[in-house]
$ cat data_21.txt   # compact mmCIF, C-alpha atoms
# COMPACT_ATOMS: atom_id res chain seq x y z
CA MET A 1 90.47 -207.27 30.03
CA ALA A 2 87.63 -206.40 32.35
CA SER A 3 84.59 -204.23 32.18
CA THR A 4 82.39 -202.54 34.73
CA THR A 5 78.99 -200.90 34.78
CA ALA A 6 79.81 -198.35 37.48
CA SER A 7 79.70 -194.77 36.31
CA GLY A 8 80.16 -191.42 37.92
CA GLY A 9 76.68 -190.51 36.69
CA SER A 10 77.73 -187.70 34.37
CA GLU A 11 76.34 -187.56 30.86
CA TYR A 12 79.92 -187.39 29.58
CA ASP A 13 81.52 -189.97 31.89
CA LEU A 14 83.63 -192.30 29.74
CA LEU A 15 84.34 -194.96 32.37
CA ASN A 16 82.13 -197.51 30.65
CA LYS A 17 83.92 -196.82 27.35
CA LEU A 18 87.42 -196.97 28.81
CA ALA A 19 87.08 -199.96 31.14
CA PRO A 20 86.71 -202.73 28.52
CA ASN A 21 90.00 -201.61 26.99
CA LEU A 22 91.99 -201.56 30.24
CA ASP A 23 93.42 -204.32 32.38
CA ARG A 24 91.25 -204.84 35.47
CA HIS A 25 94.01 -203.52 37.76
CA MET A 26 94.09 -200.23 35.84
CA ILE A 27 90.39 -199.70 36.39
CA PHE A 28 90.83 -199.39 40.19
CA PRO A 29 92.23 -195.82 40.07
CA LEU A 30 89.33 -194.76 37.82
CA LEU A 31 86.79 -196.27 40.22
CA GLU A 32 88.50 -194.61 43.18
CA PHE A 33 88.28 -191.30 41.34
CA SER A 34 84.57 -191.86 40.61
CA ALA A 35 84.02 -192.57 44.31
CA SER A 36 85.86 -189.36 45.27
CA GLN A 37 83.53 -187.39 43.00
CA LEU A 38 80.63 -188.46 45.22
CA VAL A 39 82.12 -186.91 48.38
CA ASP A 40 81.21 -183.32 49.21
CA GLU A 41 83.37 -180.69 50.92
CA ASP A 42 82.30 -181.92 54.35
CA GLY A 43 83.38 -185.48 53.59
CA GLU A 44 79.81 -186.74 53.25
CA VAL A 45 78.82 -189.13 50.47
CA LYS A 46 76.26 -187.39 48.24
CA ASP A 47 74.83 -190.54 46.67
CA GLN A 48 74.96 -193.73 48.74
CA ALA A 49 73.43 -195.86 45.96
CA LYS A 50 76.15 -194.91 43.46
CA ALA A 51 78.85 -195.34 46.10
CA ARG A 52 77.64 -198.89 46.68
CA GLN A 53 77.52 -199.51 42.94
CA ILE A 54 81.19 -198.48 42.69
CA THR A 55 82.10 -200.79 45.59
CA GLN A 56 80.29 -203.63 43.83
CA ALA A 57 82.27 -202.87 40.67
CA LYS A 58 85.53 -203.02 42.64
CA PHE A 59 84.53 -206.38 44.09
CA ALA A 60 83.57 -207.72 40.66
CA LEU A 61 86.99 -206.75 39.35
CA THR A 62 89.08 -207.98 42.26
CA LYS A 63 87.42 -211.31 42.97
CA ARG A 64 89.24 -212.81 39.97
CA THR A 65 92.60 -211.56 41.20
CA ASN A 66 94.75 -212.87 44.04
CA MET A 67 94.49 -209.71 46.16
CA THR A 68 92.82 -211.81 48.82
CA ASP A 69 92.82 -209.33 51.71
CA TYR A 70 91.41 -206.53 49.58
CA VAL A 71 88.69 -208.79 48.15
CA ALA A 72 87.76 -209.95 51.65
CA ASN A 73 87.50 -206.36 52.90
CA LEU A 74 85.23 -205.40 49.98
CA TYR A 75 83.03 -208.41 50.63
CA CYS A 76 82.68 -207.46 54.30
CA GLU A 77 81.85 -203.87 53.32
CA LEU A 78 79.12 -204.99 50.93
CA GLU A 79 77.62 -207.58 53.27
CA GLY A 80 78.00 -205.58 56.48
CA LEU A 81 80.27 -208.18 58.10
CA ASP A 82 83.02 -207.66 60.67
CA GLU A 83 84.94 -210.76 59.64
CA ALA A 84 85.37 -212.39 56.23
CA PRO A 85 84.11 -215.96 55.64
CA PRO A 86 86.66 -218.80 56.09
CA GLU A 87 87.04 -219.37 52.34
CA TYR A 88 88.94 -216.09 52.01
CA THR A 89 91.48 -217.20 54.60
CA GLU A 90 91.85 -220.51 52.79
CA ARG A 91 92.29 -218.73 49.47
CA LYS A 92 95.02 -216.57 50.99
CA LYS A 93 96.90 -219.68 52.15
CA GLN A 94 96.70 -221.17 48.67
CA VAL A 95 98.09 -218.00 47.08
CA PHE A 96 101.01 -217.85 49.54
CA SER A 97 101.72 -221.51 48.90
CA GLN A 98 101.80 -220.92 45.14
CA LEU A 99 104.07 -217.90 45.56
CA GLU A 100 106.48 -219.91 47.70
CA LYS A 101 106.53 -222.69 45.11
CA TYR A 102 107.41 -220.34 42.22
CA GLU A 103 109.98 -218.46 44.31
CA GLN A 104 111.74 -221.74 45.07
CA GLN A 105 111.69 -222.74 41.39
CA THR A 106 113.17 -219.38 40.35
CA ALA A 107 115.57 -218.83 43.26
CA LYS A 108 118.61 -220.13 41.39
CA ILE A 109 118.05 -218.18 38.17
CA THR A 110 117.18 -215.02 40.11
CA GLU A 111 120.42 -215.29 42.09
CA LEU A 112 122.42 -215.81 38.89
CA LEU A 113 120.91 -212.74 37.21
CA GLU A 114 121.94 -210.62 40.19
CA ARG A 115 125.60 -211.57 39.72
CA ASP A 116 127.70 -209.16 37.64
CA ASP A 117 129.92 -211.91 36.20
CA VAL A 118 126.88 -213.77 34.85
CA VAL A 119 125.13 -210.66 33.49
CA ASN A 120 128.34 -209.49 31.77
CA ALA A 121 128.64 -212.87 30.04
CA LEU A 122 125.18 -212.58 28.46
CA ARG A 123 124.80 -211.44 24.86
CA SER A 124 121.94 -210.31 22.61
CA ASP A 125 121.48 -213.87 21.32
CA LYS A 126 118.94 -215.48 23.66
CA VAL A 127 119.59 -219.01 22.38
CA ALA A 128 123.29 -218.62 23.10
CA ASN A 129 122.51 -217.20 26.54
CA LEU A 130 120.34 -220.18 27.42
CA GLU A 131 123.06 -222.56 26.23
CA PHE A 132 125.61 -220.69 28.36
CA LEU A 133 123.40 -220.78 31.47
CA LYS A 134 122.56 -224.43 30.91
CA ARG A 135 126.20 -225.41 30.37
CA GLU A 136 127.76 -223.33 33.13
CA HIS A 137 124.99 -223.16 35.74
CA ASP A 138 122.52 -225.97 35.01
CA VAL A 139 119.67 -223.57 34.22
CA THR A 140 116.69 -225.22 32.49
CA ILE A 141 113.92 -223.81 30.30
CA ASP A 142 111.47 -224.76 33.05
CA MET A 143 113.23 -222.34 35.39
CA VAL A 144 112.85 -219.57 32.80
CA ASN A 145 109.15 -220.33 32.35
CA ALA A 146 108.72 -220.34 36.12
CA LEU A 147 109.79 -216.67 36.05
CA PHE A 148 106.82 -215.98 33.78
CA ASP A 149 104.44 -217.79 36.13
CA LEU A 150 105.87 -215.98 39.17
CA GLY A 151 105.58 -212.58 37.49
CA ASN A 152 101.95 -213.25 36.58
CA LEU A 153 101.13 -214.31 40.13
CA GLN A 154 102.91 -211.32 41.65
CA TYR A 155 100.95 -209.03 39.37
CA SER A 156 97.67 -210.74 40.26
CA CYS A 157 98.50 -210.20 43.95
CA GLY A 158 99.09 -206.49 43.36
CA ASN A 159 102.88 -206.75 43.86
CA TYR A 160 103.56 -204.64 40.78
CA GLY A 161 107.13 -203.66 41.68
CA ASP A 162 108.22 -207.28 42.12
CA ALA A 163 106.28 -208.36 39.04
CA THR A 164 108.00 -205.89 36.72
CA GLU A 165 111.45 -207.13 37.81
CA THR A 166 110.46 -210.77 37.39
CA LEU A 167 108.92 -210.22 33.95
CA TYR A 168 112.02 -208.29 32.89
CA ARG A 169 114.25 -211.24 33.81
CA PHE A 170 111.96 -213.58 31.92
CA ARG A 171 111.96 -211.35 28.84
CA VAL A 172 115.76 -211.19 28.79
CA LEU A 173 116.06 -214.98 28.58
CA SER A 174 112.93 -216.41 26.94
CA THR A 175 112.76 -217.39 23.28
CA ASP A 176 108.98 -217.92 23.43
CA ASN A 177 107.77 -214.93 21.38
CA ASP A 178 104.15 -215.18 22.54
CA LYS A 179 105.09 -215.18 26.21
CA VAL A 180 107.63 -212.39 25.66
CA ALA A 181 104.89 -210.26 24.07
CA TYR A 182 102.60 -211.01 27.00
CA ALA A 183 105.40 -210.11 29.44
CA THR A 184 105.91 -206.80 27.64
CA TRP A 185 102.24 -205.91 28.14
CA GLY A 186 102.63 -207.01 31.76
CA ARG A 187 105.64 -204.76 32.30
CA LEU A 188 103.76 -201.82 30.79
CA ALA A 189 100.88 -202.42 33.21
CA CYS A 190 103.30 -202.66 36.17
CA GLU A 191 105.12 -199.45 35.26
CA ILE A 192 101.80 -197.62 34.91
CA LEU A 193 100.49 -198.88 38.25
CA THR A 194 103.73 -197.99 40.05
CA MET A 195 103.67 -194.59 38.29
CA ASN A 196 107.13 -195.12 36.85
CA TRP A 197 106.33 -192.98 33.82
CA GLU A 198 109.73 -192.94 32.14
CA SER A 199 109.85 -196.74 32.03
CA ALA A 200 106.16 -196.84 31.07
CA LEU A 201 106.93 -194.71 28.02
CA GLU A 202 109.70 -197.12 27.02
CA GLU A 203 107.33 -200.05 27.36
CA VAL A 204 104.72 -198.29 25.23
CA GLN A 205 107.26 -198.17 22.41
CA LYS A 206 108.13 -201.86 22.91
CA VAL A 207 104.46 -202.87 22.82
CA ARG A 208 104.01 -200.81 19.67
CA GLU A 209 106.90 -202.68 18.03
CA VAL A 210 105.31 -206.01 19.00
CA ILE A 211 101.95 -204.97 17.52
CA ASP A 212 103.44 -203.65 14.29
CA SER A 213 105.77 -206.62 13.70
CA LYS A 214 104.04 -209.68 15.14
CA LEU A 215 100.47 -208.89 14.12
CA SER A 216 101.02 -207.43 10.65
CA GLN A 217 99.29 -210.45 9.05
CA ASN A 218 96.29 -210.33 11.40
CA PRO A 219 94.45 -207.00 10.90
CA LEU A 220 91.69 -207.72 13.42
CA ALA A 221 94.11 -208.64 16.21
CA GLN A 222 96.22 -205.61 15.31
CA LEU A 223 93.16 -203.35 15.57
CA GLN A 224 92.24 -204.80 18.98
CA HIS A 225 95.77 -204.52 20.35
CA ARG A 226 96.19 -200.97 19.05
CA THR A 227 92.90 -200.04 20.73
CA SER A 228 94.19 -201.37 24.05
CA LEU A 229 97.55 -199.62 23.70
CA ILE A 230 95.84 -196.30 22.96
CA HIS A 231 93.86 -196.58 26.19
CA TRP A 232 96.84 -197.72 28.28
CA ALA A 233 98.96 -194.87 26.90
CA LEU A 234 96.54 -192.30 28.36
CA PHE A 235 98.21 -192.83 31.75
CA PRO A 236 101.70 -191.60 30.82
CA LEU A 237 100.26 -189.09 28.32
CA PHE A 238 98.61 -187.05 31.07
CA ASN A 239 101.03 -187.74 33.91
CA TYR A 240 104.44 -187.28 32.32
CA ASP A 241 105.32 -184.17 30.33
CA LYS A 242 108.08 -185.91 28.36
CA ALA A 243 105.55 -188.47 27.16
CA ARG A 244 103.33 -185.86 25.51
CA GLU A 245 105.05 -185.57 22.13
CA PRO A 246 106.05 -189.26 21.67
CA ILE A 247 102.53 -190.45 22.47
CA LEU A 248 100.92 -187.78 20.29
CA ASP A 249 103.20 -188.96 17.48
CA LEU A 250 101.94 -192.49 18.16
CA PHE A 251 98.28 -191.47 18.14
CA PHE A 252 98.64 -189.49 14.91
CA ASN A 253 100.37 -192.39 13.17
CA ALA A 254 98.11 -193.53 10.32
CA GLY A 255 97.42 -196.96 11.82
CA TYR A 256 96.53 -195.52 15.22
CA ILE A 257 94.46 -192.54 14.10
CA ASN A 258 92.49 -194.96 11.91
CA THR A 259 92.00 -197.18 14.97
CA ILE A 260 90.69 -194.23 16.98
CA GLN A 261 88.23 -193.30 14.25
CA ALA A 262 87.09 -196.88 13.65
CA ASN A 263 87.09 -198.38 17.13
CA CYS A 264 87.28 -195.75 19.89
CA PRO A 265 86.22 -192.25 18.75
CA TRP A 266 85.84 -191.12 22.39
CA ILE A 267 89.65 -190.89 22.49
CA LEU A 268 89.19 -187.68 20.46
CA ARG A 269 88.43 -185.97 23.78
CA TYR A 270 91.88 -186.81 25.09
CA LEU A 271 93.59 -186.16 21.78
CA ALA A 272 92.03 -182.69 21.51
CA VAL A 273 92.97 -181.76 25.07
CA ALA A 274 96.54 -183.03 24.61
CA VAL A 275 97.04 -181.09 21.36
CA ILE A 276 95.45 -177.85 22.59
CA THR A 277 97.38 -177.83 25.87
CA ASN A 278 100.61 -178.69 24.02
CA ARG A 279 100.56 -175.54 21.93
CA THR A 280 102.96 -173.65 24.24
CA LYS A 281 105.10 -176.70 25.08
CA ALA A 282 105.71 -178.27 21.68
CA LYS A 283 109.34 -178.29 20.53
CA ASN A 284 108.27 -178.27 16.89
CA MET A 285 105.47 -175.78 16.27
CA GLY A 286 105.07 -177.02 12.71
CA VAL A 287 104.17 -180.50 13.99
CA GLN A 288 101.83 -179.02 16.62
CA GLN A 289 100.01 -176.92 14.02
CA LYS A 290 99.62 -179.96 11.76
CA GLN A 291 98.22 -181.97 14.66
CA MET A 292 95.75 -179.18 15.39
CA LYS A 293 94.62 -179.20 11.77
CA ASP A 294 94.27 -182.99 11.90
CA ILE A 295 92.19 -182.76 15.08
CA VAL A 296 89.86 -180.24 13.45
CA ARG A 297 89.48 -182.46 10.40
CA ILE A 298 88.81 -185.61 12.41
CA VAL A 299 86.38 -183.89 14.79
CA LYS A 300 84.41 -182.78 11.74
CA GLN A 301 84.48 -186.29 10.21
CA GLU A 302 83.46 -188.04 13.43
CA ALA A 303 80.83 -185.56 14.63
CA TYR A 304 78.09 -188.06 13.73
CA GLU A 305 79.81 -190.77 15.80
CA TYR A 306 81.04 -188.97 18.91
CA GLN A 307 80.59 -185.53 20.47
CA ASP A 308 81.21 -183.97 23.85
CA PRO A 309 81.80 -180.34 24.95
CA ILE A 310 85.52 -180.59 24.13
CA THR A 311 84.98 -181.73 20.53
CA ARG A 312 82.05 -179.31 20.16
CA PHE A 313 84.31 -176.47 21.28
CA VAL A 314 86.79 -177.39 18.54
CA HIS A 315 83.95 -177.66 16.00
CA ALA A 316 82.37 -174.34 16.99
CA LEU A 317 85.65 -172.40 16.99
CA CYS A 318 87.63 -173.93 14.15
CA ILE A 319 84.90 -175.11 11.76
CA ASP A 320 81.81 -172.97 12.35
CA PHE A 321 83.70 -169.88 13.64
CA ASP A 322 80.84 -169.45 16.09
CA PHE A 323 82.49 -167.65 19.00
CA GLU A 324 79.40 -167.57 21.19
CA GLU A 325 78.88 -171.32 20.84
CA ALA A 326 82.59 -171.91 21.45
CA GLN A 327 82.41 -169.97 24.72
CA GLN A 328 79.33 -171.89 25.83
CA GLN A 329 80.99 -175.22 25.05
CA LEU A 330 84.16 -174.12 26.86
CA VAL A 331 82.15 -173.62 30.07
CA LEU A 332 80.72 -177.14 29.70
CA ALA A 333 84.13 -178.52 28.73
CA GLU A 334 85.69 -177.25 31.95
CA GLU A 335 83.03 -179.10 33.95
CA VAL A 336 83.65 -182.29 31.95
CA LEU A 337 87.41 -182.06 32.46
CA ARG A 338 87.01 -181.68 36.21
CA GLY A 339 85.02 -184.91 36.24
CA ASP A 340 87.51 -186.90 34.13
CA PHE A 341 90.19 -189.03 35.83
CA PHE A 342 92.83 -188.26 33.21
CA LEU A 343 92.01 -184.60 32.60
CA LEU A 344 91.24 -183.11 36.02
CA ALA A 345 94.81 -181.89 36.54
CA HIS A 346 94.78 -180.25 33.09
CA ALA A 347 91.43 -178.41 33.33
CA ASP A 348 92.87 -174.96 34.08
CA GLU A 349 95.58 -175.38 31.47
CA PHE A 350 93.02 -176.39 28.84
CA VAL A 351 90.74 -173.44 29.60
CA ASP A 352 93.65 -171.00 29.34
CA SER A 353 94.88 -172.55 26.07
CA ALA A 354 91.34 -172.55 24.69
CA ARG A 355 91.03 -168.84 25.48
CA HIS A 356 94.25 -168.27 23.57
CA LEU A 357 92.71 -170.04 20.57
CA ILE A 358 89.54 -167.94 20.81
CA PHE A 359 91.58 -164.76 21.09
CA GLU A 360 93.82 -165.65 18.14
CA SER A 361 90.86 -166.58 15.94
CA TYR A 362 88.95 -163.44 16.87
CA CYS A 363 91.97 -161.21 16.27
CA LYS A 364 92.49 -162.62 12.78
CA ILE A 365 89.20 -161.16 11.58
CA HIS A 366 89.09 -157.90 13.59
CA ALA A 367 91.38 -154.88 13.66
CA ARG A 368 89.76 -153.27 16.70
CA ILE A 369 88.02 -155.31 19.37
CA SER A 370 85.84 -154.07 22.22
CA LEU A 371 87.18 -155.16 25.61
CA THR A 372 83.60 -155.74 26.75
CA ASP A 373 82.89 -157.96 23.76
CA LEU A 374 86.20 -159.81 24.11
CA SER A 375 85.67 -160.45 27.82
CA ALA A 376 82.35 -162.08 26.97
CA ARG A 377 84.03 -164.24 24.31
CA LEU A 378 86.65 -165.34 26.84
CA GLY A 379 84.19 -165.98 29.64
CA LEU A 380 85.87 -163.44 31.94
CA ASN A 381 84.75 -160.23 33.60
CA ALA A 382 86.08 -156.98 32.16
CA GLU A 383 88.87 -156.55 34.73
CA ALA A 384 90.07 -160.15 34.46
CA ALA A 385 89.91 -160.02 30.66
CA GLU A 386 92.00 -156.85 30.56
CA LYS A 387 94.62 -158.38 32.86
CA TRP A 388 94.63 -161.61 30.82
CA ILE A 389 95.14 -159.72 27.54
CA VAL A 390 97.94 -157.55 29.00
CA ASN A 391 99.76 -160.68 30.15
CA LEU A 392 99.22 -162.31 26.75
CA ILE A 393 100.61 -159.30 24.86
CA ARG A 394 103.62 -159.18 27.17
CA ASP A 395 104.36 -162.93 27.20
CA THR A 396 103.82 -163.62 23.48
CA ARG A 397 104.96 -160.21 22.14
CA LEU A 398 101.69 -159.97 20.28
CA ASP A 399 101.56 -156.97 17.93
CA ALA A 400 98.63 -155.31 19.69
CA LYS A 401 97.88 -152.61 22.22
CA ILE A 402 95.01 -151.64 24.51
CA ASP A 403 93.29 -148.31 23.89
CA TYR A 404 92.04 -147.58 27.41
CA LYS A 405 90.26 -144.40 26.30
CA GLU A 406 88.14 -146.27 23.75
CA GLY A 407 88.04 -149.52 25.74
CA THR A 408 89.34 -151.56 22.82
CA VAL A 409 92.20 -153.82 21.80
CA VAL A 410 93.86 -152.56 18.63
CA MET A 411 95.45 -155.22 16.43
CA ASN A 412 98.26 -154.38 14.04
CA HIS A 413 97.81 -156.43 10.87
CA PRO A 414 100.77 -155.42 8.67
CA PRO A 415 99.96 -155.76 4.97
CA THR A 416 101.66 -158.64 3.18
CA SER A 417 104.35 -157.39 0.81
CA VAL A 418 103.96 -157.95 -2.91
CA TYR A 419 107.14 -160.02 -2.77
CA GLN A 420 105.65 -162.32 -0.13
CA GLN A 421 102.36 -162.60 -2.06
CA VAL A 422 104.27 -163.72 -5.18
CA ILE A 423 106.15 -166.34 -3.12
CA GLU A 424 102.90 -167.71 -1.65
CA LYS A 425 101.15 -167.89 -5.02
CA THR A 426 104.05 -169.58 -6.78
CA LYS A 427 104.93 -171.92 -3.91
CA GLY A 428 104.91 -175.47 -5.16
CA GLY A 429 104.79 -174.40 -8.80
CA PHE A 430 108.18 -175.88 -9.60
CA PHE A 431 107.16 -179.22 -8.07
CA ARG A 432 103.88 -179.31 -10.03
CA THR A 433 105.77 -178.50 -13.21
CA GLN A 434 108.08 -181.45 -12.57
CA VAL A 435 105.08 -183.76 -12.01
CA LEU A 436 103.42 -182.62 -15.25
CA THR A 437 106.66 -182.98 -17.19
CA SER A 438 107.12 -186.53 -15.91
CA ALA A 439 103.52 -187.40 -16.77
CA VAL A 440 103.87 -186.05 -20.33
CA GLY A 441 107.20 -187.81 -20.76
CA GLY A 442 105.69 -191.10 -19.55
CA ARG A 443 102.85 -190.92 -22.10
CA SER A 444 105.20 -190.16 -24.97
$ encode --input "data_21.txt" --output "structure tokens"
Amino acid sequence: MASTTASGGSEYDLLNKLAPNLDRHMIFPLLEFSASQLVDEDGEVKDQAKARQITQAKFALTKRTNMTDYVANLYCELEGLDEAPPEYTERKKQVFSQLEKYEQQTAKITELLERDDVVNALRSDKVANLEFLKREHDVTIDMVNALFDLGNLQYSCGNYGDATETLYRFRVLSTDNDKVAYATWGRLACEILTMNWESALEEVQKVREVIDSKLSQNPLAQLQHRTSLIHWALFPLFNYDKAREPILDLFFNAGYINTIQANCPWILRYLAVAVITNRTKAKNMGVQQKQMKDIVRIVKQEAYEYQDPITRFVHALCIDFDFEEAQQQLVLAEEVLRGDFFLLAHADEFVDSARHLIFESYCKIHARISLTDLSARLGLNAEAAEKWIVNLIRDTRLDAKIDYKEGTVVMNHPPTSVYQQVIEKTKGGFFRTQVLTSAVGGRS
């Protein structure tokens, strides 16, 4: 893991919170985004001092990797040089020499694993596979371990596509559980950095299995690894629609939601945005509504530990029912989202979903709503608010209509039937009766 002190300068910039929980290679995109935030519409850098600070952070991260050309270029940029010092050229030669060495050591096993007859002969039993390869093709355990070393070096050089293939081959054959776990984390990092989101989601699930099974007797290590996985999973969560529900299920798992509350409460920002923007996409609305209730509960519990405009919006709307404060926080939230690497692409979607929440909450307690008042609640002008509400009524088949003469929205709140009221009041009564009966029977 690597950390950095560079920050985009915003009061709500989470880079310094996120970086210690990410692999150093994953921090590069965040730093690039921070640098882009400093460039105005004319392509001019608004703050040279912060731009240099970000470049220094990049150099601090990369100098421990084997991306020799990139490190040399950063050094020249910082020092104002046209040509890198000789030690960078020497370092590059050493890296190429090491790569060539590992490639030679793994050439035979790589060639074997590309042959259909060999692959078809492999089974799920790794010990048996190694015996087969040793007996039939003279493969040694050192060759298998060389795959691990090659994959690590390829990753350190920034060759993520090659690294993920090499680590996959190693994982198929190795019986070293510690190295296999490390290779699984490595593959997840590679899939994220190559933006192969479908495979990244699969690796998230594999890493979760490793954490839950291998670290069950080490609570501290489990907490630390879960914290890292939560941060790494933000990449597919906000870049791959099919990852939304599986990763939300992961985050709301008891072990992971406890980790968020105990170790990284700033993740509540991302959790809230993911849940709120998922309200129209969720396949199971019951699960989505439960997640929304859980978010409200956790935001209330953690308000003393972490707050930002997104969590304050949730608190104002769903806990305090303060519509004016909710609208004010929504304006700030939009600004925060546009300055967040993970959330920029979801800013408009969040604002629209948040307005839906405001509208729904407001409609629950009013039968007739002034368009002027509602437009203020939604942060829109009167014309835009009217158009937005018409589209909402049409798209969601909301039981409401606009009274243009009075300038109001009229909500139809049908009274609950006596039959339905009886059902609601007696719901769960049979179950409670069973519990009481069992308790009495146990005492007797």
$ atom_distance --input "data_21.txt" --atom1 "CA of Gly339 (chain A)" --atom2 "CA of Asp13 (chain A)"
7.5 Å
$ closest_residue --input "data_21.txt" --among "A:Asn263, A:Gln291, A:Asn381, A:Gln48" --to "His231 (chain A)" --atoms "all atoms listed in the file"
A:Asn263
$ closest_residue --input "data_21.txt" --among "A:Trp266, A:Phe148, A:Phe321, A:Phe251" --to "Ile230 (chain A)" --atoms "only C-alpha atoms"
A:Phe251
$ atom_distance --input "data_21.txt" --atom1 "CA of Glu383 (chain A)" --atom2 "CA of Tyr404 (chain A)"
12.0 Å
$ residues_around --input "data_21.txt" --residues "Trp232 (chain A)" --least-positions-apart "5" --cutoff "10 Å" --atoms "only C-alpha atoms" --output "PDB file with C-alpha atoms, in the frame of the given file"
ATOM      1  CA  LEU A  18      87.420-196.970  28.810  1.00  0.00           C
ATOM      2  CA  ASN A  21      90.000-201.610  26.990  1.00  0.00           C
ATOM      3  CA  LEU A  22      91.990-201.560  30.240  1.00  0.00           C
ATOM      4  CA  ASP A  23      93.420-204.320  32.380  1.00  0.00           C
ATOM      5  CA  MET A  26      94.090-200.230  35.840  1.00  0.00           C
ATOM      6  CA  TRP A 185     102.240-205.910  28.140  1.00  0.00           C
ATOM      7  CA  LEU A 188     103.760-201.820  30.790  1.00  0.00           C
ATOM      8  CA  ALA A 189     100.880-202.420  33.210  1.00  0.00           C
ATOM      9  CA  ILE A 192     101.800-197.620  34.910  1.00  0.00           C
ATOM     10  CA  ALA A 200     106.160-196.840  31.070  1.00  0.00           C
ATOM     11  CA  VAL A 204     104.720-198.290  25.230  1.00  0.00           C
ATOM     12  CA  ARG A 226      96.190-200.970  19.050  1.00  0.00           C
ATOM     13  CA  THR A 227      92.900-200.040  20.730  1.00  0.00           C
ATOM     14  CA  LEU A 237     100.260-189.090  28.320  1.00  0.00           C
TER      15      LEU A 237
END
$ atom_distance --input "data_21.txt" --atom1 "CA of Thr55 (chain A)" --atom2 "CA of Ala19 (chain A)"
15.3 Å
